[in-house]
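Okay, protein.cif now, which holds mmCIF, C-alpha atoms and all ligand atoms:
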data_final
#
loop_
_atom_site.label_atom_id
_atom_site.label_comp_id
_atom_site.auth_asym_id
_atom_site.auth_seq_id
_atom_site.Cartn_x
_atom_site.Cartn_y
_atom_site.Cartn_z
CA MET A 27 0.00 0.00 0.00
CA SER A 28 1.16 3.51 -0.76
CA ASP A 29 0.65 6.70 1.24
CA LEU A 30 -2.49 8.35 -0.16
CA LYS A 31 -2.66 11.26 2.30
CA THR A 32 -2.79 14.75 0.83
CA HIS A 33 -3.29 18.35 1.99
CA ILE A 34 -5.24 21.34 0.71
CA GLY A 35 -4.25 24.35 2.79
CA SER A 36 -4.71 23.24 6.38
CA LEU A 37 -7.15 20.53 5.35
CA SER A 38 -5.79 16.96 5.56
CA LEU A 39 -7.42 14.29 3.42
CA LYS A 40 -6.86 10.55 3.93
CA ASN A 41 -6.74 10.19 0.15
CA PRO A 42 -7.19 12.55 -2.82
CA VAL A 43 -10.66 11.35 -3.88
CA MET A 44 -13.70 13.51 -3.06
CA THR A 45 -17.22 13.58 -4.43
CA ALA A 46 -18.36 16.57 -6.52
CA SER A 47 -21.12 18.84 -5.28
CA GLY A 48 -24.62 18.09 -6.55
CA THR A 49 -23.80 14.53 -7.60
CA PHE A 50 -23.59 12.70 -4.26
CA GLY A 51 -26.32 14.38 -2.22
CA TYR A 52 -25.17 14.65 1.40
CA GLY A 53 -23.32 11.36 1.13
CA LEU A 54 -25.94 9.62 3.26
CA GLU A 55 -27.89 8.64 0.12
CA PHE A 56 -24.88 6.54 -0.97
CA ALA A 57 -24.20 4.84 2.38
CA ASP A 58 -25.74 1.54 1.20
CA PHE A 59 -23.27 1.33 -1.68
CA VAL A 60 -20.07 2.88 -0.37
CA ASP A 61 -18.18 2.76 2.93
CA LEU A 62 -18.20 6.56 3.21
CA SER A 63 -15.31 6.52 5.69
CA ARG A 64 -13.03 5.36 2.86
CA LEU A 65 -13.49 8.59 0.91
CA GLY A 66 -11.03 11.48 1.02
CA GLY A 67 -13.97 13.82 1.31
CA ILE A 68 -17.59 14.53 0.49
CA ILE A 69 -18.53 17.91 -0.97
CA VAL A 70 -22.22 18.27 -0.29
CA LYS A 71 -24.92 19.87 -2.42
CA GLY A 72 -24.78 23.58 -3.25
CA THR A 73 -26.00 25.52 -0.21
CA THR A 74 -27.37 29.07 -0.18
CA LEU A 75 -28.37 31.54 2.53
CA GLU A 76 -32.09 31.17 1.71
CA PRO A 77 -33.90 28.02 0.50
CA ARG A 78 -34.12 27.63 -3.30
CA GLN A 79 -36.66 25.71 -5.40
CA GLY A 80 -34.32 25.21 -8.34
CA ASN A 81 -35.49 25.35 -11.95
CA PRO A 82 -38.63 23.71 -13.39
CA TYR A 83 -38.45 20.19 -14.87
CA PRO A 84 -37.09 18.83 -17.16
CA ARG A 85 -33.68 19.69 -15.80
CA MET A 86 -31.54 16.73 -16.86
CA ALA A 87 -30.75 15.44 -20.34
CA GLU A 88 -28.44 12.70 -21.55
CA THR A 89 -26.03 13.56 -24.33
CA SER A 90 -23.43 11.58 -26.19
CA GLN A 91 -20.53 11.14 -23.70
CA GLY A 92 -22.10 13.34 -21.04
CA MET A 93 -25.14 14.86 -19.40
CA LEU A 94 -26.74 18.28 -19.18
CA ASN A 95 -28.36 19.65 -16.05
CA CYS A 96 -30.06 22.85 -15.03
CA VAL A 97 -31.00 21.91 -11.46
CA GLY A 98 -30.35 25.49 -10.35
CA LEU A 99 -29.05 24.98 -6.79
CA GLN A 100 -32.18 23.47 -5.25
CA ASN A 101 -31.59 23.30 -1.49
CA LYS A 102 -33.27 24.07 1.82
CA GLY A 103 -30.90 26.84 2.84
CA VAL A 104 -27.97 27.06 5.23
CA ASP A 105 -30.00 27.09 8.46
CA TYR A 106 -31.66 23.80 7.50
CA PHE A 107 -28.22 22.37 6.74
CA CYS A 108 -26.85 23.45 10.12
CA GLU A 109 -29.82 22.12 12.10
CA HIS A 110 -30.78 18.93 10.28
CA ILE A 111 -28.01 17.74 7.96
CA TYR A 112 -24.87 18.64 9.89
CA PRO A 113 -25.66 16.36 12.85
CA GLU A 114 -26.08 13.46 10.38
CA VAL A 115 -22.91 14.02 8.35
CA ARG A 116 -20.41 15.12 11.01
CA GLY A 117 -19.66 11.56 12.13
CA LEU A 118 -19.20 9.93 8.74
CA GLY A 119 -15.45 9.45 9.21
CA THR A 120 -14.50 11.51 6.18
CA ALA A 121 -13.96 15.23 5.55
CA VAL A 122 -17.30 16.88 4.81
CA LEU A 123 -17.09 20.13 2.86
CA VAL A 124 -19.98 22.46 2.04
CA ASN A 125 -20.38 23.95 -1.43
CA VAL A 126 -21.53 27.55 -0.94
CA SER A 127 -23.37 29.69 -3.45
CA GLY A 128 -25.04 33.09 -3.42
CA SER A 129 -26.49 35.97 -5.39
CA SER A 130 -24.18 38.74 -4.06
CA PRO A 131 -20.83 38.89 -2.24
CA GLU A 132 -22.76 39.60 0.97
CA THR A 133 -25.01 36.53 0.72
CA TYR A 134 -22.03 34.30 -0.07
CA ALA A 135 -20.19 35.73 2.95
CA GLU A 136 -23.13 35.35 5.33
CA CYS A 137 -23.65 31.72 4.28
CA ALA A 138 -19.92 31.04 4.78
CA ARG A 139 -19.98 32.74 8.19
CA ARG A 140 -22.70 30.40 9.42
CA ILE A 141 -20.85 27.34 8.18
CA ALA A 142 -17.64 28.53 9.85
CA GLU A 143 -19.40 27.95 13.19
CA LEU A 144 -19.70 24.21 12.51
CA ASP A 145 -16.66 22.59 14.17
CA ASP A 146 -16.63 19.48 11.98
CA ILE A 147 -16.78 21.23 8.61
CA PRO A 148 -13.10 21.95 7.89
CA ALA A 149 -13.49 23.74 4.56
CA ILE A 150 -15.92 25.21 2.05
CA GLU A 151 -15.95 25.16 -1.71
CA LEU A 152 -17.17 28.47 -3.08
CA ASN A 153 -19.25 28.00 -6.21
CA ILE A 154 -18.75 31.09 -8.36
CA SER A 155 -19.42 29.02 -11.45
CA CYS A 156 -23.00 27.68 -11.51
CA PRO A 157 -24.33 28.22 -15.05
CA ASN A 158 -27.97 27.53 -14.12
CA VAL A 159 -29.07 30.47 -11.98
CA SER A 160 -30.21 33.88 -13.17
CA GLN A 161 -28.67 35.89 -10.33
CA GLY A 162 -25.05 35.51 -9.24
CA GLY A 163 -23.59 32.05 -9.83
CA MET A 164 -21.43 31.93 -12.92
CA ALA A 165 -21.75 35.70 -13.48
CA PHE A 166 -19.13 36.15 -10.73
CA GLY A 167 -16.81 33.47 -12.02
CA VAL A 168 -16.35 34.74 -15.56
CA THR A 169 -14.55 38.01 -14.79
CA CYS A 170 -11.50 38.58 -12.60
CA GLU A 171 -13.25 41.49 -10.83
CA GLY A 172 -16.40 39.46 -10.14
CA ALA A 173 -14.47 36.47 -8.85
CA ALA A 174 -12.24 38.70 -6.69
CA SER A 175 -15.23 40.53 -5.17
CA VAL A 176 -16.82 37.31 -3.88
CA VAL A 177 -13.57 35.83 -2.59
CA ARG A 178 -12.69 39.09 -0.83
CA ALA A 179 -16.04 39.15 1.00
CA VAL A 180 -15.92 35.47 1.93
CA ARG A 181 -12.26 35.54 2.98
CA ALA A 182 -13.11 38.25 5.52
CA ALA A 183 -15.91 36.07 6.94
CA TYR A 184 -14.40 32.59 6.74
CA PRO A 185 -11.14 31.67 8.50
CA LYS A 186 -10.90 27.96 7.55
CA THR A 187 -9.81 26.38 4.26
CA LEU A 188 -11.40 28.19 1.32
CA ILE A 189 -11.51 26.41 -2.03
CA VAL A 190 -12.87 28.45 -4.94
CA LYS A 191 -14.59 26.52 -7.73
CA LEU A 192 -13.92 27.99 -11.16
CA SER A 193 -16.01 28.14 -14.29
CA PRO A 194 -14.66 26.74 -17.56
CA ASN A 195 -16.83 29.20 -19.50
CA VAL A 196 -14.04 31.79 -19.69
CA THR A 197 -11.34 32.95 -22.07
CA SER A 198 -8.44 32.64 -19.62
CA ILE A 199 -8.83 30.29 -16.67
CA ALA A 200 -5.30 31.22 -15.53
CA ASP A 201 -6.28 34.90 -15.10
CA ILE A 202 -9.32 33.99 -12.96
CA ALA A 203 -7.22 31.60 -10.84
CA ARG A 204 -4.60 34.34 -10.24
CA ALA A 205 -7.35 36.78 -9.24
CA VAL A 206 -8.80 34.47 -6.58
CA GLU A 207 -5.34 33.51 -5.31
CA ALA A 208 -4.56 37.21 -4.84
CA GLU A 209 -7.68 37.56 -2.64
CA GLY A 210 -6.56 34.79 -0.30
CA ALA A 211 -8.17 31.61 -1.64
CA ASP A 212 -6.40 28.55 -0.18
CA ALA A 213 -7.08 26.42 -3.27
CA VAL A 214 -9.03 26.34 -6.51
CA SER A 215 -11.21 23.54 -7.82
CA LEU A 216 -11.97 23.17 -11.50
CA ILE A 217 -14.03 22.66 -13.54
CA ASN A 218 -17.72 23.30 -13.01
CA THR A 219 -19.94 22.40 -15.98
CA LEU A 220 -19.56 23.78 -19.51
CA MET A 221 -22.57 25.65 -20.91
CA GLY A 222 -24.44 23.53 -23.44
CA MET A 223 -27.88 22.61 -24.70
CA ALA A 224 -29.96 19.85 -26.31
CA ILE A 225 -32.86 20.24 -28.75
CA ASP A 226 -35.67 17.74 -29.24
CA ALA A 227 -36.03 17.62 -33.03
CA GLU A 228 -39.53 16.07 -32.92
CA ARG A 229 -40.90 18.73 -30.57
CA ARG A 230 -38.70 21.42 -32.11
CA ARG A 231 -37.95 22.75 -28.62
CA PRO A 232 -35.01 22.79 -26.20
CA VAL A 233 -35.02 19.69 -23.97
CA LEU A 234 -34.24 21.56 -20.73
CA SER A 235 -36.82 23.86 -19.15
CA ILE A 236 -34.57 26.92 -19.23
CA GLY A 237 -33.06 26.10 -22.64
CA THR A 238 -29.43 25.78 -21.64
CA GLY A 239 -27.66 23.71 -19.01
CA GLY A 240 -24.27 22.57 -17.75
CA LEU A 241 -22.46 19.75 -19.53
CA SER A 242 -20.56 17.21 -17.43
CA GLY A 243 -19.14 13.70 -17.78
CA PRO A 244 -16.52 12.20 -20.12
CA ALA A 245 -17.19 14.81 -22.82
CA VAL A 246 -15.63 17.57 -20.71
CA LYS A 247 -12.52 15.72 -19.49
CA PRO A 248 -10.00 17.00 -22.07
CA VAL A 249 -11.13 20.59 -21.41
CA ALA A 250 -10.87 20.12 -17.64
CA LEU A 251 -7.44 18.50 -17.90
CA ARG A 252 -6.14 21.34 -20.08
CA MET A 253 -7.41 23.89 -17.56
CA VAL A 254 -5.80 22.12 -14.58
CA TRP A 255 -2.56 22.04 -16.58
CA GLN A 256 -2.73 25.80 -17.29
CA VAL A 257 -3.72 26.77 -13.73
CA TYR A 258 -0.85 24.68 -12.30
CA GLU A 259 1.56 26.88 -14.24
CA ALA A 260 -0.22 30.08 -13.12
CA VAL A 261 -0.68 29.80 -9.32
CA GLN A 262 1.08 28.49 -6.22
CA ILE A 263 -2.03 27.30 -4.33
CA PRO A 264 -3.24 23.67 -4.59
CA ILE A 265 -5.65 22.61 -7.31
CA VAL A 266 -8.58 20.20 -6.99
CA GLY A 267 -9.25 18.72 -10.43
CA LEU A 268 -12.55 17.44 -11.77
CA GLY A 269 -14.55 17.04 -14.92
CA GLY A 270 -15.32 13.70 -16.52
CA ILE A 271 -13.33 11.49 -14.16
CA MET A 272 -14.74 7.96 -14.60
CA THR A 273 -11.76 5.74 -13.75
CA ALA A 274 -8.56 5.67 -11.70
CA THR A 275 -6.58 6.38 -14.86
CA ASP A 276 -8.60 9.55 -15.45
CA ALA A 277 -7.90 10.62 -11.86
CA ILE A 278 -4.17 9.92 -12.22
CA GLU A 279 -4.07 12.08 -15.37
CA PHE A 280 -5.45 15.01 -13.32
CA LEU A 281 -2.85 14.44 -10.57
CA LEU A 282 -0.07 14.37 -13.18
CA ALA A 283 -1.44 17.61 -14.69
CA GLY A 284 -1.11 19.29 -11.29
CA ALA A 285 -4.13 18.45 -9.16
CA THR A 286 -3.45 17.74 -5.47
CA ALA A 287 -6.86 16.09 -5.12
CA ILE A 288 -9.72 15.20 -7.44
CA GLU A 289 -13.53 15.08 -7.36
CA ILE A 290 -15.88 12.59 -9.00
CA GLY A 291 -19.28 13.80 -10.17
CA THR A 292 -21.36 12.37 -13.01
CA ALA A 293 -19.68 8.94 -12.70
CA ASN A 294 -21.53 8.43 -9.38
CA PHE A 295 -24.82 8.29 -11.32
CA ILE A 296 -23.50 5.45 -13.49
CA ASP A 297 -21.68 3.46 -10.79
CA PRO A 298 -22.37 4.48 -7.17
CA THR A 299 -19.24 2.59 -6.07
CA VAL A 300 -16.88 4.35 -8.49
CA THR A 301 -15.16 6.41 -5.77
CA VAL A 302 -13.70 3.40 -3.94
CA LYS A 303 -12.66 1.82 -7.24
CA VAL A 304 -10.76 5.01 -8.10
CA ILE A 305 -9.05 5.07 -4.66
CA ASP A 306 -7.94 1.44 -5.07
CA GLY A 307 -6.84 2.09 -8.65
CA ILE A 308 -4.66 5.06 -7.65
CA ASP A 309 -3.01 2.92 -4.97
CA GLU A 310 -2.39 0.09 -7.43
CA TYR A 311 -0.82 2.56 -9.93
CA LEU A 312 1.51 4.05 -7.29
CA VAL A 313 2.68 0.60 -6.15
CA ARG A 314 3.16 -0.59 -9.74
CA HIS A 315 5.29 2.46 -10.61
CA GLY A 316 7.29 2.46 -7.38
CA PHE A 317 5.97 5.70 -5.83
CA ASP A 318 5.74 5.81 -2.02
CA SER A 319 3.21 8.63 -1.87
CA VAL A 320 0.51 10.13 -4.06
CA ARG A 321 2.08 13.53 -3.43
CA GLU A 322 5.06 12.48 -5.55
CA ILE A 323 3.05 12.42 -8.77
CA VAL A 324 1.31 15.81 -8.46
CA GLY A 325 2.30 17.88 -11.50
CA LEU A 326 4.78 15.27 -12.70
CA ALA A 327 3.71 15.62 -16.33
CA HIS A 328 5.14 19.16 -16.31
CA GLN A 329 8.69 17.95 -15.78
CA THR A 330 10.86 18.48 -18.83
C1 LIG B 1 -26.88 17.19 -11.36
C2 LIG B 1 -25.68 18.06 -11.07
C3 LIG B 1 -25.77 19.00 -10.04
C4 LIG B 1 -24.67 19.82 -9.74
N1 LIG B 1 -24.76 20.72 -8.71
C5 LIG B 1 -23.67 21.46 -8.37
C6 LIG B 1 -23.69 22.36 -7.26
O1 LIG B 1 -24.68 22.46 -6.52
N2 LIG B 1 -22.57 23.10 -7.00
C7 LIG B 1 -21.44 22.99 -7.77
O2 LIG B 1 -20.44 23.67 -7.50
N3 LIG B 1 -21.38 22.14 -8.82
C8 LIG B 1 -22.46 21.39 -9.14
N4 LIG B 1 -22.40 20.52 -10.20
C9 LIG B 1 -21.13 20.42 -10.98
C10 LIG B 1 -20.28 19.25 -10.50
O3 LIG B 1 -19.94 19.36 -9.13
C11 LIG B 1 -18.99 19.14 -11.35
O4 LIG B 1 -18.27 20.34 -11.26
C12 LIG B 1 -19.27 18.87 -12.83
O5 LIG B 1 -20.37 17.99 -13.00
C13 LIG B 1 -18.05 18.29 -13.56
O6 LIG B 1 -17.64 17.07 -12.99
P1 LIG B 1 -18.11 15.62 -13.56
O7 LIG B 1 -17.88 15.65 -15.06
O8 LIG B 1 -17.28 14.62 -12.84
O9 LIG B 1 -19.57 15.51 -13.25
C14 LIG B 1 -23.49 19.70 -10.51
C15 LIG B 1 -23.42 18.75 -11.54
C16 LIG B 1 -24.49 17.93 -11.82
C17 LIG B 1 -24.35 16.91 -12.92
#

Rewrite the structure from the file as structure tokens, please.
Ligand SMILES: Cc1cc2nc3c(=O)[nH]c(=O)nc-3n(C[C@H](O)[C@H](O)[C@H](O)COP(=O)(O)O)c2cc1C
Amino acid sequence: MSDLKTHIGSLSLKNPVMTASGTFGYGLEFADFVDLSRLGGIIVKGTTLEPRQGNPYPRMAETSQGMLNCVGLQNKGVDYFCEHIYPEVRGLGTAVLVNVSGSSPETYAECARRIAELDDIPAIELNISCPNVSQGGMAFGVTCEGAASVVRAVRAAYPKTLIVKLSPNVTSIADIARAVEAEGADAVSLINTLMGMAIDAERRRPVLSIGTGGLSGPAVKPVALRMVWQVYEAVQIPIVGLGGIMTATDAIEFLLAGATAIEIGTANFIDPTVTVKVIDGIDEYLVRHGFDSVREIVGLAHQT
């Protein structure tokens, strides 16, 4: 067995495999399939200051090599999380992170402030990249000024590990990553979904209720890998890589591109046990190639 431990800021993970927000519920829904204590971490559903209904149905569509969604951050709000969900997830034996969203820097910061009070939540992931909400969301993540304004407000309110989740729907991901690093982000995670759409030719209408949605799954992997590669060369802070990871080999490619940890999203819908298979596969790869620790392979593909 190799040493799978890794660190993101002051956050220690038993291994680099976490679940992506919105694709694994609160973890509890998967407890029948997966020993949750084996996971590096669980990043729970997007959480906002106030409850949100999300968008009307249909809000999922299958595409070739991927899926589209426009769920729109449906959740019961941060107070519900603190009162009802937190007591259930705090003893799962893995790091539980909350994915925080908002419609203004102030609402992001207030949501983060409330989560900071929860002793057993060691970090948040700030979602400045949701493509499926009309106010806030991705609007902040597509300009350096917008991204910086949210991170500045949240950094002042949140003292623990702050991971900022970036949107791929930008011209220069490196510029956005530098902007959030300058405001004190401890790490970046990338990518959120790519804007896309599907049209039903028979009905001559968009498939999704709001027309467009976020594309995820294997189709986005080369884009995500390229962005992790570019951000690794642009910033000093750790990177959490995701987008289309289906297998251990996919995960290893992200580590080699510069990710310190990875997240698995859409693959959970296809195989609810994929996370543990990826953990075992990373270990097997490290042993086979003679590496003692997973930390040794982070960014290795950049070596000339
Ligand atoms: C149904 C669904 C819901 C999602 N909800 C969220 C969310 O609440 N917050 C967030 O930051 N990302 C959300 N995402 C994006 C994923 O966390 C992830 O960034 C994206 O799907 C790419 O990874 P994947 O290809 O492994 O799925 C959602 C994705 C899907 C498919």

Could I get the residue neighbourhood of ligand LIG 1 (chain B) at 7 Å, counting all atoms listed in the file, as number ranges by chain? A: 46-49, 71-72, 93-95, 97, 99, 125, 153, 155-156, 191, 216-219, 242-244, 246-247, 268-271, 289-293

Among the residues A:Ala200, A:Met44, A:Ile236, A:Ile305, the one that comes closest to Pro84 (chain A) [using all atoms listed in the file]: A:Ile236

Would you please work out which residue, of A:Ala87, A:Val104, A:Met164, A:Cys170, is nearest to Leu144 (chain A) when using all atoms listed in the file?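 Answer, going by the shortest atom-to-atom distance: A:Val104.
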
When you look at region 128-136 of chain A with a cut-off of 7 Å (counting all atoms listed in the file), what residues show up, excluding the ones that are within fewer than 5 positions of it in the same chain? I need them as JSON, numbers by chain. {"A": [74, 75, 161, 162, 163, 175, 176, 179, 180, 183]}

Keeping only C-alpha atoms, write the selected residues as an mmCIF file, keeping the file's coordinate frame.
data_model
loop_
_atom_site.group_PDB
_atom_site.id
_atom_site.type_symbol
_atom_site.label_atom_id
_atom_site.label_comp_id
_atom_site.auth_asym_id
_atom_site.auth_seq_id
_atom_site.Cartn_x
_atom_site.Cartn_y
_atom_site.Cartn_z
ATOM 1 C CA THR A 74 -27.370 29.070 -0.180
ATOM 2 C CA LEU A 75 -28.370 31.540 2.530
ATOM 3 C CA GLN A 161 -28.670 35.890 -10.330
ATOM 4 C CA GLY A 162 -25.050 35.510 -9.240
ATOM 5 C CA GLY A 163 -23.590 32.050 -9.830
ATOM 6 C CA SER A 175 -15.230 40.530 -5.170
ATOM 7 C CA VAL A 176 -16.820 37.310 -3.880
ATOM 8 C CA ALA A 179 -16.040 39.150 1.000
ATOM 9 C CA VAL A 180 -15.920 35.470 1.930
ATOM 10 C CA ALA A 183 -15.910 36.070 6.940
#

Could you check the closest approach to Asp318 (chain A) for each of A:Val214, A:Leu118, A:Ile288, A:Leu30 and tell me which residue wins, using only C-alpha atoms? A:Leu30

Return the single residue from A:Thr32, A:Asn81, A:Asn101, A:Thr120 that is closest to Ser160 (chain A), with distances computed using all atoms listed in the file.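 Nearest candidate to Ser160 (chain A) out of A:Thr32, A:Asn81, A:Asn101, A:Thr120: A:Asn81.
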
Leaving out Glu279 (chain A) and any residue of its chain fewer than 2 positions from it, which residues lie within 10 Å of it when counting only C-alpha atoms, given as a PDB file with C-alpha atoms, in the coordinates of the input?
ATOM      1  CA  LEU A 251      -7.440  18.500 -17.900  1.00  0.00           C
ATOM      2  CA  GLY A 267      -9.250  18.720 -10.430  1.00  0.00           C
ATOM      3  CA  ILE A 271     -13.330  11.490 -14.160  1.00  0.00           C
ATOM      4  CA  ALA A 274      -8.560   5.670 -11.700  1.00  0.00           C
ATOM      5  CA  THR A 275      -6.580   6.380 -14.860  1.00  0.00           C
ATOM      6  CA  ASP A 276      -8.600   9.550 -15.450  1.00  0.00           C
ATOM      7  CA  ALA A 277      -7.900  10.620 -11.860  1.00  0.00           C
ATOM      8  CA  LEU A 281      -2.850  14.440 -10.570  1.00  0.00           C
ATOM      9  CA  LEU A 282      -0.070  14.370 -13.180  1.00  0.00           C
ATOM     10  CA  ALA A 283      -1.440  17.610 -14.690  1.00  0.00           C
ATOM     11  CA  GLY A 284      -1.110  19.290 -11.290  1.00  0.00           C
ATOM     12  CA  ALA A 285      -4.130  18.450  -9.160  1.00  0.00           C
ATOM     13  CA  ILE A 323       3.050  12.420  -8.770  1.00  0.00           C
ATOM     14  CA  VAL A 324       1.310  15.810  -8.460  1.00  0.00           C
ATOM     15  CA  GLY A 325       2.300  17.880 -11.500  1.00  0.00           C
ATOM     16  CA  LEU A 326       4.780  15.270 -12.700  1.00  0.00           C
ATOM     17  CA  ALA A 327       3.710  15.620 -16.330  1.00  0.00           C
TER      18      ALA A 327
END

Rank nothing, just name the residue among A:Cys96, A:Ile199, A:Ile150, A:Val122 nearest to Gly237 (chain A), using all atoms listed in the file.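 For Gly237 (chain A), the nearest of the candidates is A:Cys96.
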
Extending 4 Å beyond the listed atoms of region 33-52 of chain A on each side, what axis-aligned box results? I want centre and edge lengths in Å to one decimal, as JSON.
{"center_x": -14.8, "center_y": 17.3, "center_z": -0.6, "size_x": 31.0, "size_y": 22.2, "size_z": 22.0}

What would region 158-179 of chain A look like if you wrote it out as a short mmCIF file (atom, residue, chain, number, x, y, z; two decimals), in the first residue's frame, with N, CA and C atoms included, from the block I just posted?
data_model
loop_
_atom_site.label_atom_id
_atom_site.label_comp_id
_atom_site.auth_asym_id
_atom_site.auth_seq_id
_atom_site.Cartn_x
_atom_site.Cartn_y
_atom_site.Cartn_z
N ASN A 158 -26.52 27.75 -14.03
CA ASN A 158 -27.97 27.53 -14.12
C ASN A 158 -28.82 28.42 -13.23
N VAL A 159 -28.27 29.55 -12.81
CA VAL A 159 -29.07 30.47 -11.98
C VAL A 159 -29.03 31.86 -12.61
N SER A 160 -30.15 32.60 -12.47
CA SER A 160 -30.21 33.88 -13.17
C SER A 160 -29.45 34.98 -12.43
N GLN A 161 -29.36 34.86 -11.11
CA GLN A 161 -28.67 35.89 -10.33
C GLN A 161 -27.41 35.31 -9.72
N GLY A 162 -26.28 35.99 -9.87
CA GLY A 162 -25.05 35.51 -9.24
C GLY A 162 -24.49 34.31 -9.98
N GLY A 163 -24.11 33.28 -9.22
CA GLY A 163 -23.59 32.05 -9.83
C GLY A 163 -22.42 32.34 -10.75
N MET A 164 -22.54 31.84 -11.99
CA MET A 164 -21.43 31.93 -12.92
C MET A 164 -21.06 33.37 -13.25
N ALA A 165 -22.04 34.30 -13.14
CA ALA A 165 -21.75 35.70 -13.48
C ALA A 165 -20.50 36.18 -12.74
N PHE A 166 -20.30 35.71 -11.49
CA PHE A 166 -19.13 36.15 -10.73
C PHE A 166 -17.86 35.48 -11.23
N GLY A 167 -18.01 34.26 -11.71
CA GLY A 167 -16.81 33.47 -12.02
C GLY A 167 -16.22 33.72 -13.39
N VAL A 168 -16.85 34.56 -14.19
CA VAL A 168 -16.35 34.74 -15.56
C VAL A 168 -15.57 36.04 -15.75
N THR A 169 -15.46 36.85 -14.71
CA THR A 169 -14.55 38.01 -14.79
C THR A 169 -13.64 38.00 -13.56
N CYS A 170 -12.45 38.53 -13.73
CA CYS A 170 -11.50 38.58 -12.60
C CYS A 170 -12.07 39.45 -11.48
N GLU A 171 -12.71 40.57 -11.85
CA GLU A 171 -13.25 41.49 -10.83
C GLU A 171 -14.38 40.82 -10.05
N GLY A 172 -15.27 40.14 -10.79
CA GLY A 172 -16.40 39.46 -10.14
C GLY A 172 -15.92 38.37 -9.20
N ALA A 173 -14.99 37.57 -9.67
CA ALA A 173 -14.47 36.47 -8.85
C ALA A 173 -13.78 37.04 -7.61
N ALA A 174 -12.97 38.09 -7.81
CA ALA A 174 -12.24 38.70 -6.69
C ALA A 174 -13.21 39.27 -5.66
N SER A 175 -14.31 39.87 -6.11
CA SER A 175 -15.23 40.53 -5.17
C SER A 175 -15.87 39.51 -4.23
N VAL A 176 -16.22 38.34 -4.74
CA VAL A 176 -16.82 37.31 -3.88
C VAL A 176 -15.78 36.74 -2.93
N VAL A 177 -14.60 36.44 -3.44
CA VAL A 177 -13.57 35.83 -2.59
C VAL A 177 -13.16 36.80 -1.49
N ARG A 178 -13.06 38.08 -1.83
CA ARG A 178 -12.69 39.09 -0.83
C ARG A 178 -13.69 39.08 0.33
N ALA A 179 -14.99 39.10 -0.03
CA ALA A 179 -16.04 39.15 1.00
C ALA A 179 -16.03 37.87 1.85
#
